[in-house]
$ cat protein-v7.pdb   # PDB, C-alpha atoms
ATOM      1  CA  MET H   1      71.057  13.665 -63.945
ATOM      2  CA  SER H   2      67.631  14.350 -65.411
ATOM      3  CA  LEU H   3      64.469  14.242 -63.330
ATOM      4  CA  LEU H   4      63.446  10.969 -64.978
ATOM      5  CA  GLU H   5      66.811   9.431 -64.149
ATOM      6  CA  LEU H   6      66.424  10.592 -60.570
ATOM      7  CA  CYS H   7      62.954   8.975 -60.406
ATOM      8  CA  ARG H   8      64.384   5.759 -61.852
ATOM      9  CA  TRP H   9      67.272   5.811 -59.393
ATOM     10  CA  ILE H  10      64.848   6.277 -56.436
ATOM     11  CA  GLN H  11      62.440   3.586 -57.600
ATOM     12  CA  TYR H  12      65.179   0.993 -58.194
ATOM     13  CA  SER H  13      67.271   1.771 -55.128
ATOM     14  CA  ALA H  14      67.655  -1.198 -52.786
ATOM     15  CA  PRO H  15      65.262  -0.067 -50.003
ATOM     16  CA  LEU H  16      62.491   0.736 -52.485
ATOM     17  CA  VAL H  17      62.904  -2.566 -54.335
ATOM     18  CA  GLU H  18      62.654  -4.241 -50.959
ATOM     19  CA  MET H  19      59.552  -2.214 -50.102
ATOM     20  CA  ARG H  20      57.808  -3.120 -53.369
ATOM     21  CA  ALA H  21      58.510  -6.789 -52.735
ATOM     22  CA  SER H  22      56.250  -6.591 -49.693
ATOM     23  CA  PRO H  23      52.605  -7.174 -50.605
ATOM     24  CA  TRP H  24      51.246  -5.205 -47.655
ATOM     25  CA  LEU H  25      53.629  -2.278 -47.113
ATOM     26  CA  PHE H  26      52.252  -0.112 -49.940
ATOM     27  CA  PRO H  27      48.567  -0.501 -48.923
ATOM     28  CA  VAL H  28      49.417   0.106 -45.264
ATOM     29  CA  ILE H  29      51.264   3.319 -46.123
ATOM     30  CA  ALA H  30      48.371   4.299 -48.421
ATOM     31  CA  THR H  31      45.982   3.741 -45.491
ATOM     32  CA  PHE H  32      47.978   6.074 -43.257
ATOM     33  CA  HIS H  33      48.001   8.566 -46.119
ATOM     34  CA  LEU H  34      44.171   8.435 -45.974
ATOM     35  CA  PHE H  35      44.211   8.994 -42.190
ATOM     36  CA  GLY H  36      46.128  12.163 -43.018
ATOM     37  CA  LEU H  37      43.418  13.095 -45.518
ATOM     38  CA  ALA H  38      40.752  12.790 -42.791
ATOM     39  CA  VAL H  39      42.665  14.969 -40.300
ATOM     40  CA  ILE H  40      43.525  17.565 -42.960
ATOM     41  CA  GLY H  41      39.907  17.492 -44.205
ATOM     42  CA  GLY H  42      38.539  18.187 -40.733
ATOM     43  CA  SER H  43      40.897  21.042 -39.943
ATOM     44  CA  VAL H  44      40.541  22.681 -43.369
ATOM     45  CA  LEU H  45      36.742  22.444 -43.265
ATOM     46  CA  LEU H  46      36.547  23.963 -39.789
ATOM     47  CA  VAL H  47      38.006  27.252 -41.043
ATOM     48  CA  ASP H  48      36.636  27.252 -44.592
ATOM     49  CA  LEU H  49      33.082  26.538 -43.403
ATOM     50  CA  ARG H  50      33.432  29.356 -40.874
ATOM     51  CA  LEU H  51      34.684  31.727 -43.587
ATOM     52  CA  LEU H  52      31.554  30.803 -45.558
ATOM     53  CA  GLY H  53      29.373  31.554 -42.521
ATOM     54  CA  LEU H  54      28.720  27.847 -41.886
ATOM     55  CA  GLY H  55      29.829  25.260 -39.333
ATOM     56  CA  LEU H  56      30.925  26.758 -35.993
ATOM     57  CA  ARG H  57      29.369  30.154 -36.714
ATOM     58  CA  GLY H  58      29.311  31.139 -33.040
ATOM     59  CA  GLN H  59      33.107  31.122 -32.802
ATOM     60  CA  ARG H  60      35.643  33.704 -33.892
ATOM     61  CA  THR H  61      37.332  32.676 -37.129
ATOM     62  CA  GLY H  62      40.723  33.627 -35.716
ATOM     63  CA  ASP H  63      40.357  31.217 -32.754
ATOM     64  CA  LEU H  64      39.287  28.389 -35.060
ATOM     65  CA  ALA H  65      42.134  29.180 -37.448
ATOM     66  CA  LEU H  66      44.811  28.980 -34.748
ATOM     67  CA  GLU H  67      43.389  25.786 -33.280
ATOM     68  CA  SER H  68      42.843  24.013 -36.570
ATOM     69  CA  GLU H  69      46.261  25.055 -37.857
ATOM     70  CA  ARG H  70      47.820  22.779 -35.236
ATOM     71  CA  TRP H  71      45.730  19.868 -36.490
ATOM     72  CA  LEU H  72      46.429  20.749 -40.109
ATOM     73  CA  ILE H  73      50.158  20.543 -39.395
ATOM     74  CA  ARG H  74      49.670  17.195 -37.633
ATOM     75  CA  GLY H  75      47.694  15.950 -40.625
ATOM     76  CA  LEU H  76      50.464  17.119 -42.948
ATOM     77  CA  TRP H  77      52.992  15.266 -40.799
ATOM     78  CA  ILE H  78      51.022  12.092 -41.572
ATOM     79  CA  ALA H  79      50.174  12.757 -45.208
ATOM     80  CA  LEU H  80      53.452  14.229 -46.511
ATOM     81  CA  PRO H  81      55.955  11.550 -45.395
ATOM     82  CA  THR H  82      53.581   8.738 -46.413
ATOM     83  CA  GLY H  83      52.975  10.537 -49.712
ATOM     84  CA  VAL H  84      56.714  10.775 -50.381
ATOM     85  CA  LEU H  85      57.064   7.038 -49.700
ATOM     86  CA  LEU H  86      54.152   6.206 -52.026
ATOM     87  CA  PHE H  87      55.747   8.379 -54.706
ATOM     88  CA  MET H  88      59.151   6.734 -54.331
ATOM     89  CA  CYS H  89      57.609   3.281 -54.773
ATOM     90  CA  PHE H  90      56.499   4.048 -58.336
ATOM     91  CA  ALA H  91      58.395   7.253 -59.097
ATOM     92  CA  THR H  92      58.776   6.640 -62.841
ATOM     93  CA  LYS H  93      55.048   5.923 -63.218
ATOM     94  CA  TYR H  94      54.129   9.217 -61.573
ATOM     95  CA  TYR H  95      56.751  11.083 -63.577
ATOM     96  CA  TYR H  96      54.717  10.384 -66.721
ATOM     97  CA  LEU H  97      51.296  11.177 -65.196
ATOM     98  CA  THR H  98      50.088  14.738 -65.822
ATOM     99  CA  PHE H  99      47.743  14.431 -62.859
ATOM    100  CA  PHE H 100      50.656  13.817 -60.517
ATOM    101  CA  TRP H 101      52.196  17.153 -61.492
ATOM    102  CA  VAL H 102      48.790  18.834 -61.219
ATOM    103  CA  LYS H 103      48.455  17.406 -57.717
ATOM    104  CA  LEU H 104      51.937  18.550 -56.740
ATOM    105  CA  ALA H 105      51.366  22.055 -58.115
ATOM    106  CA  ALA H 106      47.980  22.335 -56.362
ATOM    107  CA  LEU H 107      49.540  21.112 -53.113
ATOM    108  CA  ILE H 108      52.335  23.687 -53.223
ATOM    109  CA  LEU H 109      49.857  26.422 -54.128
ATOM    110  CA  VAL H 110      47.399  25.510 -51.381
ATOM    111  CA  LEU H 111      50.129  25.347 -48.738
ATOM    112  CA  ILE H 112      51.421  28.787 -49.698
ATOM    113  CA  PHE H 113      47.861  30.137 -49.864
ATOM    114  CA  THR H 114      46.879  28.586 -46.507
ATOM    115  CA  PHE H 115      49.829  29.932 -44.572
ATOM    116  CA  SER H 116      49.730  33.393 -46.162
ATOM    117  CA  ILE H 117      46.494  34.878 -47.510
ATOM    118  CA  ARG H 118      44.032  32.485 -45.840
ATOM    119  CA  ARG H 119      45.796  32.778 -42.507
ATOM    120  CA  ARG H 120      45.831  36.565 -42.693
ATOM    121  CA  VAL H 121      42.149  36.783 -43.610
ATOM    122  CA  ALA H 122      41.133  34.298 -40.893
ATOM    123  CA  LEU H 123      43.108  36.147 -38.230
ATOM    124  CA  ALA H 124      41.958  39.599 -39.383
ATOM    125  CA  GLY H 125      38.874  39.276 -37.188
ATOM    126  CA  ASP H 126      35.348  38.666 -38.353
ATOM    127  CA  ASP H 127      34.889  42.223 -39.557
ATOM    128  CA  GLY H 128      38.396  42.458 -41.005
ATOM    129  CA  ALA H 129      37.495  41.240 -44.466
ATOM    130  CA  GLY H 130      34.267  41.522 -46.413
ATOM    131  CA  ARG H 131      31.928  38.557 -46.717
ATOM    132  CA  LEU H 132      32.694  38.126 -50.392
ATOM    133  CA  HIS H 133      36.419  38.253 -49.738
ATOM    134  CA  ARG H 134      36.175  35.654 -46.956
ATOM    135  CA  GLY H 135      33.964  33.433 -49.096
ATOM    136  CA  MET H 136      36.390  33.599 -51.997
ATOM    137  CA  VAL H 137      39.296  32.610 -49.767
ATOM    138  CA  ALA H 138      37.315  29.570 -48.590
ATOM    139  CA  VAL H 139      36.348  28.594 -52.149
ATOM    140  CA  VAL H 140      39.956  28.856 -53.370
ATOM    141  CA  SER H 141      41.168  26.772 -50.430
ATOM    142  CA  LEU H 142      38.479  24.093 -50.882
ATOM    143  CA  SER H 143      39.013  23.946 -54.668
ATOM    144  CA  LEU H 144      42.768  23.542 -54.338
ATOM    145  CA  TRP H 145      42.477  20.840 -51.661
ATOM    146  CA  THR H 146      39.876  19.038 -53.785
ATOM    147  CA  THR H 147      42.304  19.120 -56.717
ATOM    148  CA  VAL H 148      45.027  17.667 -54.503
ATOM    149  CA  ALA H 149      42.768  14.837 -53.296
ATOM    150  CA  MET H 150      41.368  14.149 -56.771
ATOM    151  CA  GLY H 151      44.863  14.020 -58.207
ATOM    152  CA  GLY H 152      45.706  11.502 -55.516
ATOM    153  CA  ARG H 153      42.846   9.256 -56.535
ATOM    154  CA  TYR H 154      43.534   9.529 -60.273
ATOM    155  CA  ILE H 155      47.254   8.757 -60.109
ATOM    156  CA  GLY H 156      46.346   5.530 -58.313
ATOM    157  CA  PHE H 157      44.347   4.152 -61.211
ATOM    158  CA  PRO H 158      46.218   1.492 -63.181
TER
ATOM    159  CA  MET U   1      17.398 -17.740 -52.376
ATOM    160  CA  SER U   2      20.666 -17.213 -50.545
ATOM    161  CA  LEU U   3      22.491 -13.870 -50.395
ATOM    162  CA  PHE U   4      25.131 -15.376 -52.685
ATOM    163  CA  ASP U   5      22.491 -16.211 -55.308
ATOM    164  CA  PHE U   6      20.901 -12.800 -54.944
ATOM    165  CA  PHE U   7      24.169 -10.924 -55.439
ATOM    166  CA  GLU U   8      25.080 -13.210 -58.327
ATOM    167  CA  TRP U   9      21.782 -12.287 -59.967
ATOM    168  CA  LEU U  10      22.212  -8.588 -59.098
ATOM    169  CA  GLY U  11      25.538  -8.576 -60.937
ATOM    170  CA  THR U  12      23.833  -9.774 -64.111
ATOM    171  CA  THR U  13      21.323  -6.910 -64.208
ATOM    172  CA  PRO U  14      21.951  -4.459 -67.069
ATOM    173  CA  TRP U  15      22.661  -1.418 -64.816
ATOM    174  CA  SER U  16      25.193  -3.312 -62.772
ATOM    175  CA  ILE U  17      27.004  -4.468 -65.900
ATOM    176  CA  ALA U  18      26.841  -0.973 -67.378
ATOM    177  CA  LEU U  19      28.438   0.541 -64.257
ATOM    178  CA  HIS U  20      31.017  -2.255 -64.051
ATOM    179  CA  GLU U  21      32.058  -1.831 -67.665
ATOM    180  CA  SER U  22      31.747   1.944 -67.836
ATOM    181  CA  ARG U  23      34.852   3.846 -68.762
ATOM    182  CA  TYR U  24      34.349   6.853 -66.477
ATOM    183  CA  ALA U  25      31.210   6.463 -64.330
ATOM    184  CA  PHE U  26      32.754   3.881 -62.015
ATOM    185  CA  LEU U  27      35.931   5.932 -61.533
ATOM    186  CA  VAL U  28      33.890   9.057 -60.829
ATOM    187  CA  VAL U  29      31.845   7.224 -58.171
ATOM    188  CA  LEU U  30      35.041   5.824 -56.655
ATOM    189  CA  THR U  31      36.626   9.290 -56.543
ATOM    190  CA  VAL U  32      33.516  10.772 -54.897
ATOM    191  CA  HIS U  33      33.606   7.941 -52.342
ATOM    192  CA  VAL U  34      37.246   8.606 -51.423
ATOM    193  CA  LEU U  35      37.044  12.404 -51.444
ATOM    194  CA  THR U  36      33.936  12.516 -49.249
ATOM    195  CA  LEU U  37      36.069  10.799 -46.612
ATOM    196  CA  ALA U  38      37.583  14.213 -45.888
ATOM    197  CA  VAL U  39      34.129  15.663 -45.117
ATOM    198  CA  PHE U  40      32.619  12.689 -43.348
ATOM    199  CA  VAL U  41      35.510  11.387 -41.250
ATOM    200  CA  GLY U  42      37.076  14.855 -41.104
ATOM    201  CA  THR U  43      34.141  16.386 -39.239
ATOM    202  CA  ALA U  44      33.627  13.223 -37.157
ATOM    203  CA  VAL U  45      37.271  13.460 -36.048
ATOM    204  CA  VAL U  46      36.788  17.087 -34.943
ATOM    205  CA  ILE U  47      33.767  16.053 -32.823
ATOM    206  CA  ASP U  48      35.723  13.117 -31.356
ATOM    207  CA  LEU U  49      38.701  15.341 -30.545
ATOM    208  CA  ARG U  50      36.394  17.738 -28.710
ATOM    209  CA  LEU U  51      34.929  14.820 -26.747
ATOM    210  CA  LEU U  52      38.468  13.768 -25.858
ATOM    211  CA  GLY U  53      39.297  17.272 -24.659
ATOM    212  CA  ALA U  54      42.020  17.475 -27.320
ATOM    213  CA  ALA U  55      40.594  20.254 -29.507
ATOM    214  CA  LEU U  56      38.211  23.244 -29.328
ATOM    215  CA  THR U  57      38.126  22.947 -25.536
ATOM    216  CA  ARG U  58      36.816  26.512 -25.206
ATOM    217  CA  VAL U  59      33.785  25.692 -27.365
ATOM    218  CA  SER U  60      30.831  23.891 -25.772
ATOM    219  CA  VAL U  61      30.387  20.255 -26.762
ATOM    220  CA  SER U  62      26.784  20.814 -27.818
ATOM    221  CA  GLU U  63      27.829  23.624 -30.166
ATOM    222  CA  VAL U  64      30.508  21.467 -31.806
ATOM    223  CA  VAL U  65      28.080  18.543 -32.153
ATOM    224  CA  SER U  66      25.096  20.553 -33.382
ATOM    225  CA  ARG U  67      27.162  22.549 -35.909
ATOM    226  CA  LEU U  68      29.321  19.752 -37.277
ATOM    227  CA  LEU U  69      27.135  16.640 -37.012
ATOM    228  CA  PRO U  70      24.941  17.763 -39.964
ATOM    229  CA  TRP U  71      28.089  17.886 -42.136
ATOM    230  CA  SER U  72      29.149  14.492 -40.921
ATOM    231  CA  LYS U  73      25.669  13.112 -41.590
ATOM    232  CA  GLY U  74      25.625  14.650 -45.068
ATOM    233  CA  GLY U  75      29.040  13.128 -45.723
ATOM    234  CA  LEU U  76      27.799   9.761 -44.488
ATOM    235  CA  ALA U  77      24.823   9.947 -46.851
ATOM    236  CA  VAL U  78      27.139  10.550 -49.830
ATOM    237  CA  MET U  79      29.415   7.754 -48.597
ATOM    238  CA  VAL U  80      26.557   5.266 -48.308
ATOM    239  CA  ALA U  81      25.109   6.247 -51.710
ATOM    240  CA  SER U  82      28.441   6.086 -53.556
ATOM    241  CA  GLY U  83      29.420   2.960 -51.620
ATOM    242  CA  ALA U  84      26.144   1.280 -52.581
ATOM    243  CA  LEU U  85      26.886   2.040 -56.247
ATOM    244  CA  LEU U  86      30.403   0.583 -55.924
ATOM    245  CA  PHE U  87      28.848  -2.524 -54.390
ATOM    246  CA  PHE U  88      26.189  -2.670 -57.084
ATOM    247  CA  ALA U  89      28.875  -2.541 -59.799
ATOM    248  CA  ALA U  90      30.300  -5.876 -58.632
ATOM    249  CA  PRO U  91      28.055  -7.366 -55.930
ATOM    250  CA  LEU U  92      29.574 -10.817 -55.734
ATOM    251  CA  VAL U  93      33.174  -9.581 -55.779
ATOM    252  CA  ARG U  94      32.441  -7.283 -52.821
ATOM    253  CA  TYR U  95      30.377  -9.878 -50.957
ATOM    254  CA  GLU U  96      33.221 -12.392 -51.254
ATOM    255  CA  ASN U  97      35.839  -9.869 -50.107
ATOM    256  CA  VAL U  98      36.905 -10.438 -46.501
ATOM    257  CA  PHE U  99      37.816  -6.761 -46.023
ATOM    258  CA  PHE U 100      34.387  -5.710 -47.288
ATOM    259  CA  ARG U 101      32.770  -7.859 -44.610
ATOM    260  CA  LEU U 102      35.093  -6.465 -41.948
ATOM    261  CA  LYS U 103      34.296  -2.964 -43.155
ATOM    262  CA  MET U 104      30.535  -3.535 -42.915
ATOM    263  CA  ALA U 105      30.930  -5.030 -39.424
ATOM    264  CA  ALA U 106      33.017  -2.050 -38.294
ATOM    265  CA  LEU U 107      30.499   0.341 -39.861
ATOM    266  CA  ALA U 108      27.647  -1.308 -37.963
ATOM    267  CA  LEU U 109      29.635  -1.055 -34.708
ATOM    268  CA  ALA U 110      30.503   2.590 -35.401
ATOM    269  CA  LEU U 111      26.843   3.488 -35.948
ATOM    270  CA  VAL U 112      25.819   1.583 -32.793
ATOM    271  CA  ASN U 113      28.519   3.501 -30.909
ATOM    272  CA  VAL U 114      27.120   6.849 -32.122
ATOM    273  CA  TRP U 115      23.589   5.759 -31.257
ATOM    274  CA  VAL U 116      24.510   4.559 -27.764
ATOM    275  CA  PHE U 117      26.480   7.751 -27.088
ATOM    276  CA  HIS U 118      23.517   9.926 -28.051
ATOM    277  CA  ARG U 119      21.146   7.795 -25.951
ATOM    278  CA  THR U 120      23.323   7.832 -22.824
ATOM    279  CA  GLN U 121      26.159  10.321 -22.213
ATOM    280  CA  TYR U 122      24.919  12.963 -24.624
ATOM    281  CA  ARG U 123      21.473  13.029 -22.969
ATOM    282  CA  ARG U 124      23.102  14.692 -19.966
ATOM    283  CA  VAL U 125      25.387  16.929 -22.001
ATOM    284  CA  ALA U 126      24.075  20.037 -20.211
ATOM    285  CA  GLU U 127      25.905  18.855 -17.068
ATOM    286  CA  TRP U 128      29.339  18.783 -18.773
ATOM    287  CA  ASP U 129      28.805  20.914 -21.876
ATOM    288  CA  LEU U 130      31.512  23.457 -21.003
ATOM    289  CA  ASP U 131      34.002  21.045 -19.402
ATOM    290  CA  PRO U 132      37.303  21.152 -21.285
ATOM    291  CA  LEU U 133      37.644  17.449 -20.467
ATOM    292  CA  PRO U 134      34.319  15.599 -20.925
ATOM    293  CA  PRO U 135      33.426  12.633 -18.664
ATOM    294  CA  ARG U 136      35.004   9.242 -19.085
ATOM    295  CA  GLY U 137      32.030   7.729 -20.907
ATOM    296  CA  ALA U 138      32.120  10.419 -23.589
ATOM    297  CA  ARG U 139      35.862  10.027 -24.008
ATOM    298  CA  LEU U 140      35.457   6.266 -24.366
ATOM    299  CA  ALA U 141      32.827   6.782 -27.056
ATOM    300  CA  ALA U 142      35.239   9.124 -28.879
ATOM    301  CA  VAL U 143      38.109   6.621 -28.718
ATOM    302  CA  ALA U 144      35.822   3.852 -29.989
ATOM    303  CA  SER U 145      34.604   6.142 -32.758
ATOM    304  CA  LEU U 146      38.141   7.091 -33.889
ATOM    305  CA  ALA U 147      39.271   3.455 -33.788
ATOM    306  CA  LEU U 148      36.236   2.275 -35.766
ATOM    307  CA  TRP U 149      36.481   4.968 -38.475
ATOM    308  CA  ALA U 150      40.187   4.156 -38.802
ATOM    309  CA  SER U 151      39.305   0.455 -39.183
ATOM    310  CA  ILE U 152      36.718   1.309 -41.817
ATOM    311  CA  ILE U 153      39.249   3.355 -43.808
ATOM    312  CA  THR U 154      41.815   0.560 -43.446
ATOM    313  CA  ALA U 155      39.428  -2.201 -44.526
ATOM    314  CA  GLY U 156      38.202  -0.057 -47.410
ATOM    315  CA  ARG U 157      41.742   0.514 -48.632
ATOM    316  CA  MET U 158      42.643  -3.169 -48.218
ATOM    317  CA  MET U 159      39.628  -4.366 -50.230
ATOM    318  CA  ALA U 160      41.558  -3.642 -53.423
ATOM    319  CA  TYR U 161      44.429  -5.873 -52.308
ATOM    320  CA  GLN U 162      42.619  -9.044 -51.274
ATOM    321  CA  ASP U 163      43.540 -10.737 -54.561
ATOM    322  CA  TYR U 164      47.237 -10.246 -53.846
ATOM    323  CA  TRP U 165      47.045 -11.844 -50.451
ATOM    324  CA  PHE U 166      44.557 -14.701 -50.553
TER
END
$ encode --input "protein-v7.pdb" --output "structure tokens"
Amino acid sequence: MSLLELCRWIQYSAPLVEMRASPWLFPVIATFHLFGLAVIGGSVLLVDLRLLGLGLRGQRTGDLALESERWLIRGLWIALPTGVLLFMCFATKYYYLTFFWVKLAALILVLIFTFSIRRRVALAGDDGAGRLHRGMVAVVSLSLWTTVAMGGRYIGFP
Amino acid sequence: MSLFDFFEWLGTTPWSIALHESRYAFLVVLTVHVLTLAVFVGTAVVIDLRLLGAALTRVSVSEVVSRLLPWSKGGLAVMVASGALLFFAAPLVRYENVFFRLKMAALALALVNVWVFHRTQYRRVAEWDLDPLPPRGARLAAVASLALWASIITAGRMMAYQDYWF
């Protein structure tokens, strides 16, 4: 079974056909997906701003990182399942959209980056990594998340 | 001249038509409007969670507010500017949209909530600045704030679907 066939099978499976028949289910799920965006945005910014020497400057980056990681995971628990549902609704449409694959790639990259390099740098203590190094980590994180969010907006256009 | 007439006229002005019919400008503004949500509501949520005693409990409330509110305000400014452009691109369509009206009502309430909180509870923040669990009034303001921002996001998302439903 090719990937396209899989997408077609998902999109035209009985539960998804049922879901598309509802005029309000898709927008409601999309709304919850946006709630996820807000929670993820807040927790990502808390650490990235701190790495840039902005935001809660008086706090240790490591403390902020541990605290905001919990909220990041909660945000992901909202955004990922709703995102999967939104994808399944119009799987074959997204299959053909370059931006969808860009979004997916950026998402995988940013998750790996967040839970490896960014986490290590944030927990290394405020003198653990140089200012430039910390700033670069924040810029990479913010750029990747922006790509994910932008991809999300662009794949929604008709 | 009624508001309806005014918005009808506004939609016939050359800049409004240009934005409405543009190939990219409108989509760029729309993308900015949605993406800034992460900055604006994101930082507001962090402040609200602190006021609820659910996050950053070891950081003083005044530090969280003074460090993050500027980001939230900046986000709000971008939201209002991009939102005004989206309205300007199709004034009558927005004005006639029930979810747009709900969104504006919720926005007004949310701003009143912030204003009241800063005039009342937050005036005496020195008394409870370091409390992990802020007083009831502050927690109420945070719950109202979270509920109102969620309503604003919901109404904003639903605006695009009015035609399917009514």
$ atom_distance --input "protein-v7.pdb" --atom1 "CA of Arg139 in chain U" --atom2 "CA of Val41 in chain U"
17.3 Å
$ residues_around --input "protein-v7.pdb" --residues "range 7-14 of chain H" --least-positions-apart "6" --cutoff "8 Å" --atoms "all atoms listed in the file" --output "mmCIF file with C-alpha atoms, in the frame of the given file"
data_model
loop_
_atom_site.group_PDB
_atom_site.id
_atom_site.type_symbol
_atom_site.label_atom_id
_atom_site.label_comp_id
_atom_site.auth_asym_id
_atom_site.auth_seq_id
_atom_site.Cartn_x
_atom_site.Cartn_y
_atom_site.Cartn_z
ATOM 1 C CA MET H 88 59.151 6.734 -54.331
ATOM 2 C CA CYS H 89 57.609 3.281 -54.773
ATOM 3 C CA PHE H 90 56.499 4.048 -58.336
ATOM 4 C CA ALA H 91 58.395 7.253 -59.097
ATOM 5 C CA THR H 92 58.776 6.640 -62.841
ATOM 6 C CA TYR H 95 56.751 11.083 -63.577
#
$ closest_atom_pairs --input "protein-v7.pdb" --of "chain U" --to "chain H" --cutoff "8 Å" --atoms "only C-alpha atoms" --output "tab-separated table"
residue	atom	partner	partner_atom	distance
U:Thr31	CA	H:Arg153	CA	6.2
U:Val34	CA	H:Arg153	CA	7.6
U:Leu35	CA	H:Ala149	CA	6.5
U:Leu37	CA	H:Ala38	CA	6.4
U:Ala38	CA	H:Gly41	CA	4.4
U:Val39	CA	H:Gly41	CA	6.1
U:Val41	CA	H:Ala38	CA	5.6
U:Gly42	CA	H:Gly42	CA	3.7
U:Thr43	CA	H:Gly42	CA	5.0
U:Ala44	CA	H:Gly42	CA	7.8
U:Val45	CA	H:Gly42	CA	6.8
U:Val46	CA	H:Gly42	CA	6.1
U:Ala55	CA	H:Glu67	CA	7.3
U:Leu56	CA	H:Glu67	CA	7.0
U:Val59	CA	H:Gln59	CA	7.7
U:Glu63	CA	H:Leu56	CA	7.3
U:Val64	CA	H:Leu56	CA	6.8
U:Arg67	CA	H:Gly55	CA	5.1
U:Leu68	CA	H:Gly55	CA	5.9
U:Ala150	CA	H:Phe35	CA	7.1
U:Ile153	CA	H:Thr31	CA	7.0
U:Thr154	CA	H:Thr31	CA	5.6
U:Arg157	CA	H:Thr31	CA	6.2
U:Met158	CA	H:Pro27	CA	6.5
U:Tyr161	CA	H:Pro27	CA	7.6
U:Tyr164	CA	H:Pro23	CA	7.0
U:Trp165	CA	H:Pro23	CA	7.3
$ residues_near_point --input "protein-v7.pdb" --point "(36.4, 3.7, -37.3)" --cutoff "12 Å" --atoms "only C-alpha atoms" --output "PyMOL selection string"
(chain H and resi 35+38) or (chain U and resi 37+40-42+44-45+48+102-114+141-156)
$ resolve_selection --input "protein-v7.pdb" --expression "the PyMOL selection byres ((chain H and resi 117-119) around 8)" --output "PyMOL selection string"
chain H and resi 65+113-116+120-123+137-138+141
$ residues_around --input "protein-v7.pdb" --residues "Pro135 in chain U" --least-positions-apart "5" --cutoff "9 Å" --atoms "all atoms listed in the file" --output "VMD selection string"
chain U and resid 51 to 52 121 128 140
$ atom_distance --input "protein-v7.pdb" --atom1 "CA of Gly83 in chain U" --atom2 "CA of Phe26 in chain U"
11.0 Å
$ residues_near_point --input "protein-v7.pdb" --point "(35.0, 36.6, -46.5)" --cutoff "10 Å" --atoms "all atoms listed in the file" --output "ChimeraX atom specification"
/H:48,50-53,118,121-122,126-139
$ atom_distance --input "protein-v7.pdb" --atom1 "CA of Gly83 in chain H" --atom2 "CA of Leu27 in chain U"
21.2 Å
$ resolve_selection --input "protein-v7.pdb" --expression "the PyMOL selection byres ((chain U and resi 79) around 8)" --output "PyMOL selection string"
chain U and resi 33+36-37+40+75-78+80-83
$ resolve_selection --input "protein-v7.pdb" --expression "the PyMOL selection byres ((chain U and resi 124) around 12)" --output "PDB file with C-alpha atoms, keeping the file's coordinate frame"
ATOM      1  CA  VAL U  61      30.387  20.255 -26.762  1.00  0.00           C
ATOM      2  CA  SER U  62      26.784  20.814 -27.818  1.00  0.00           C
ATOM      3  CA  PHE U 117      26.480   7.751 -27.088  1.00  0.00           C
ATOM      4  CA  HIS U 118      23.517   9.926 -28.051  1.00  0.00           C
ATOM      5  CA  ARG U 119      21.146   7.795 -25.951  1.00  0.00           C
ATOM      6  CA  THR U 120      23.323   7.832 -22.824  1.00  0.00           C
ATOM      7  CA  GLN U 121      26.159  10.321 -22.213  1.00  0.00           C
ATOM      8  CA  TYR U 122      24.919  12.963 -24.624  1.00  0.00           C
ATOM      9  CA  ARG U 123      21.473  13.029 -22.969  1.00  0.00           C
ATOM     10  CA  VAL U 125      25.387  16.929 -22.001  1.00  0.00           C
ATOM     11  CA  ALA U 126      24.075  20.037 -20.211  1.00  0.00           C
ATOM     12  CA  GLU U 127      25.905  18.855 -17.068  1.00  0.00           C
ATOM     13  CA  TRP U 128      29.339  18.783 -18.773  1.00  0.00           C
ATOM     14  CA  ASP U 129      28.805  20.914 -21.876  1.00  0.00           C
ATOM     15  CA  PRO U 134      34.319  15.599 -20.925  1.00  0.00           C
ATOM     16  CA  PRO U 135      33.426  12.633 -18.664  1.00  0.00           C
ATOM     17  CA  GLY U 137      32.030   7.729 -20.907  1.00  0.00           C
ATOM     18  CA  ALA U 138      32.120  10.419 -23.589  1.00  0.00           C
TER      19      ALA U 138
END
